[in-house]
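Read through the structure below, which is laid out as structure tokens, and then see the notes.
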Amino acid sequence: MATDAPPRRAAGRPQPHRPRPSRQAPAAKARSSRARIASFWLLAMVSVLMITPFVWMILSSLRDPAQSAGLLPRSLRWRNYADALDSAPFVTYARNSFFIAAGHTVINVVFSSMAGYALAKLPFRGSKVLFFCFIGAIMIPMYTIIVPQFILVRSMPFFGGNDILGQGGTGWLDSWWALIVPGAMSPLSVFLFRQFYLSVPGELAEAARLDGANEFVIWAKIVTRQIRPAIVTVALLTFQTGWTNFLWPLLVTGRQNMRVLQVGLASFQQENTTQWALLMAGTAMATVPMIVLFVFAQRYFVNSLTHVGLK
């Protein structure tokens with residue numbers, strides 16, 4: 001006899017668990033949406049604040065020097081850029097700045113990576129104390145050591161007419177030695193390299209040692225290839241510091257052909273007046289190389305900043 005009763009479930013068979021729809025899901029989604037909107041507007045306001053000085057720089061570089069009031073230029077005067085280049089040997093200044101920044105970059109990347117590799121992968125007595133010394137050196141402001149550094153440069157033996165005691169001459173003043181050697185290495189770079197080397201598996205170096213490779217080969221050809229973001233980051237920061245350096249080149253150079261770009265821009269600031277249009281035009285041209293470098297290296301730069309604190 002056929003019946004319409006539903007079939008009985010088998011005894012002991014586990015029934016599939018069907019999750020009940022959460023009543024809090026819409027509220028959580030609403031909170032998440034509000035948080036994203038708030039974050040978007042916060043980042044938008046910060047971006048506007050960051051880009052405002054650059055916009056003002058471009059607008060000021062296109063103003064007529066005779067215009068004394070008003071934020072916006074009455075007419076776009078592109079001639080200001082040519083006048084800025086003609087008013088001083090900026091090609092020579094830019095060349096000097098490039099040589100200094102490139103020299104700092106090469107020296108800092110090579111020697112700081114060696115120091116970072118030794119602190120991270122070659123345990124030796126006193127390595128932690130030495131590492132803490134590097135950390136302490138990061139906290140020392142540059143202006144507190146600039147006077148002792150100047151005395152050392154001026155008293156360099158056998159340079160600039162100095163005797164063995166560093167007396168009687170000018171030492172490294174008005175020379176490329178004074179512009180490149182001091183400040184070429186940075187304790188911050190050593191710290192960054194050490195942190196990145198710690199993230200590289202130690203098995204790579206151990207396998208290379210078993211194959212007979214020395215430490216220099218392991219550092220140059222095996223381990224360092226794994227930390228390309230660190231190399232790009234340190235190189236970018238070092239080049240930016242060398243390119244924008246003003247005070248040290250101003251102190252140690254006096255000849256016109258040894259001036260750097262930032263010191264050359266100061267020539268537009270006179271005692272009684274400032275040529276703002278030409279100054280902003282020169283500043284805009286000096287900013288372009290760093291913007292181009294950051295655009296091409298931003299992927300490695302952001303990646304390094306997100307991984308530097310892992311270990």
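Residue numbering restarts at 1 for every chain of the structure tokens, chains are lettered A, B, ... in their displayed order, and ligands are numbered from 1 as they appear.
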
*asked:* For Lys128 (chain A), find every residue with an atom within 12 Å (counting only C-alpha atoms), except residues of its own chain fewer than 5 positions away, and show them as a PyMOL selection string.
replied: chain A and resi 118-120+122-123+133-135+194

Limited to all heavy atoms, could you put the picked residues into a file as an mmCIF file, in the first residue's frame?
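Output (selection_29.cif):
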```cif
data_model
loop_
_atom_site.group_PDB
_atom_site.id
_atom_site.type_symbol
_atom_site.label_atom_id
_atom_site.label_comp_id
_atom_site.auth_asym_id
_atom_site.auth_seq_id
_atom_site.Cartn_x
_atom_site.Cartn_y
_atom_site.Cartn_z
ATOM 1 N N ALA A 118 78.018 40.147 7.608
ATOM 2 C CA ALA A 118 78.826 39.661 8.725
ATOM 3 C C ALA A 118 78.031 39.643 10.024
ATOM 4 O O ALA A 118 78.130 38.690 10.816
ATOM 5 C CB ALA A 118 80.075 40.529 8.881
ATOM 6 N N LEU A 119 77.220 40.673 10.266
ATOM 7 C CA LEU A 119 76.434 40.717 11.495
ATOM 8 C C LEU A 119 75.314 39.688 11.502
ATOM 9 O O LEU A 119 74.907 39.217 12.575
ATOM 10 C CB LEU A 119 75.844 42.113 11.684
ATOM 11 C CG LEU A 119 76.838 43.233 11.999
ATOM 12 C CD1 LEU A 119 76.133 44.584 11.992
ATOM 13 C CD2 LEU A 119 77.505 43.002 13.345
ATOM 14 N N ALA A 120 74.805 39.330 10.344
ATOM 15 C CA ALA A 120 73.662 38.415 10.277
ATOM 16 C C ALA A 120 74.063 36.959 10.130
ATOM 17 O O ALA A 120 73.422 36.071 10.710
ATOM 18 C CB ALA A 120 72.752 38.814 9.109
ATOM 19 N N LEU A 122 77.594 35.647 10.144
ATOM 20 C CA LEU A 122 78.903 35.223 10.651
ATOM 21 C C LEU A 122 78.978 35.570 12.140
ATOM 22 O O LEU A 122 79.475 36.627 12.522
ATOM 23 C CB LEU A 122 80.034 35.919 9.883
ATOM 24 C CG LEU A 122 80.084 35.661 8.371
ATOM 25 C CD1 LEU A 122 81.216 36.461 7.739
ATOM 26 C CD2 LEU A 122 80.247 34.177 8.077
ATOM 27 N N PRO A 123 78.490 34.696 13.001
ATOM 28 C CA PRO A 123 78.523 35.000 14.433
ATOM 29 C C PRO A 123 79.956 35.063 14.958
ATOM 30 O O PRO A 123 80.772 34.197 14.698
ATOM 31 C CB PRO A 123 77.756 33.828 15.064
ATOM 32 C CG PRO A 123 77.858 32.725 14.073
ATOM 33 C CD PRO A 123 77.901 33.372 12.717
ATOM 34 N N CYS A 133 75.884 49.245 18.632
ATOM 35 C CA CYS A 133 76.616 50.484 18.318
ATOM 36 C C CYS A 133 76.097 51.098 17.022
ATOM 37 O O CYS A 133 75.962 52.324 16.922
ATOM 38 C CB CYS A 133 78.105 50.198 18.222
ATOM 39 S SG CYS A 133 78.907 49.802 19.787
ATOM 40 N N PHE A 134 75.800 50.262 16.040
ATOM 41 C CA PHE A 134 75.212 50.769 14.802
ATOM 42 C C PHE A 134 73.834 51.376 15.071
ATOM 43 O O PHE A 134 73.483 52.418 14.501
ATOM 44 C CB PHE A 134 75.102 49.651 13.764
ATOM 45 C CG PHE A 134 76.367 49.396 13.010
ATOM 46 C CD1 PHE A 134 77.150 48.288 13.296
ATOM 47 C CD2 PHE A 134 76.774 50.240 12.000
ATOM 48 C CE1 PHE A 134 78.325 48.045 12.598
ATOM 49 C CE2 PHE A 134 77.935 50.010 11.295
ATOM 50 C CZ PHE A 134 78.715 48.910 11.597
ATOM 51 N N ILE A 135 73.043 50.728 15.925
ATOM 52 C CA ILE A 135 71.730 51.272 16.265
ATOM 53 C C ILE A 135 71.877 52.635 16.934
ATOM 54 O O ILE A 135 71.135 53.588 16.646
ATOM 55 C CB ILE A 135 70.968 50.299 17.175
ATOM 56 C CG1 ILE A 135 70.704 48.979 16.446
ATOM 57 C CG2 ILE A 135 69.660 50.915 17.642
ATOM 58 C CD1 ILE A 135 69.813 49.094 15.257
ATOM 59 N N ARG A 194 71.345 43.968 7.396
ATOM 60 C CA ARG A 194 71.330 42.894 8.389
ATOM 61 C C ARG A 194 69.949 42.283 8.510
ATOM 62 O O ARG A 194 69.796 41.054 8.556
ATOM 63 C CB ARG A 194 71.776 43.422 9.747
ATOM 64 C CG ARG A 194 71.710 42.374 10.853
ATOM 65 C CD ARG A 194 71.967 42.979 12.216
ATOM 66 N NE ARG A 194 71.869 41.989 13.259
ATOM 67 C CZ ARG A 194 70.740 41.657 13.884
ATOM 68 N NH1 ARG A 194 69.598 42.252 13.534
ATOM 69 N NH2 ARG A 194 70.729 40.740 14.839
#
```

Contacts of region 189-265 of chain A with region 83-96 of chain A up to 7 Å, shortest pair per row, only C-alpha atoms, as a tab-separated table:
```
residue	atom	partner	partner_atom	distance
A:Asn257	CA	A:Thr92	CA	6.8
A:Met258	CA	A:Asn96	CA	6.8
A:Arg259	CA	A:Tyr93	CA	5.7
A:Val260	CA	A:Tyr93	CA	4.4
A:Leu261	CA	A:Tyr93	CA	4.5
A:Gly264	CA	A:Tyr93	CA	6.7
```

Export N, CA, C and O atoms of the chosen residues as a compact mmCIF listing (two decimals), in the first residue's frame?
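Generated output (again28.txt):
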```
# COMPACT_ATOMS: atom_id res chain seq x y z
N ASN A 257 83.85 75.39 -9.65
CA ASN A 257 83.70 74.12 -10.35
C ASN A 257 83.49 72.93 -9.42
O ASN A 257 83.30 71.81 -9.90
N MET A 258 83.52 73.16 -8.11
CA MET A 258 83.27 72.09 -7.15
C MET A 258 81.90 72.22 -6.49
O MET A 258 81.54 71.38 -5.67
N ARG A 259 81.16 73.23 -6.84
CA ARG A 259 79.85 73.42 -6.24
C ARG A 259 78.88 72.34 -6.70
O ARG A 259 79.00 71.79 -7.80
N VAL A 260 77.89 72.06 -5.85
CA VAL A 260 76.87 71.07 -6.19
C VAL A 260 75.56 71.79 -6.49
O VAL A 260 75.44 73.01 -6.33
N LEU A 261 74.57 71.03 -6.90
CA LEU A 261 73.34 71.61 -7.39
C LEU A 261 72.60 72.38 -6.30
O LEU A 261 72.08 73.48 -6.54
N GLY A 264 74.22 75.65 -5.70
CA GLY A 264 73.96 76.55 -6.81
C GLY A 264 72.58 77.17 -6.75
O GLY A 264 72.40 78.34 -7.13
```

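The nearest approach to Val190 (chain A) among the residues A:Thr170, A:Gln226, A:Asn108, A:Ser47, with only C-alpha atoms taken into account, belongs to A:Asn108.
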
*Could you check which of A:His104, A:Arg255, A:Lys221, A:Arg209 is closest to Thr238 (chain A), using only C-alpha atoms?*
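Nearest to Thr238 (chain A): A:His104.
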
*Would you list the contacts of Met280 (chain A) as number ranges by chain, taking every protein, DNA or RNA residue within 10 Å and counting only C-alpha atoms, but skipping same-chain residues closer than 4 positions in sequence?*
A: 54, 56-63, 80-81, 84, 265, 268, 275-276, 284-286

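Near Phe191 (chain A), within 12 Å and counting only C-alpha atoms, sit Ser112, Ser113, Met114, Ala115, Gly116, Tyr117, Ala118, Leu119, Ala120, Leu130, Phe131, Phe132, Cys133, Phe134, Ile135, Gly136, Ala137, Ile138, Met185, Tyr197, Leu198, Ala230, Val234, Val308, Gly309 and Lys311 of chain A, not including residues fewer than 6 positions from it in the same chain.
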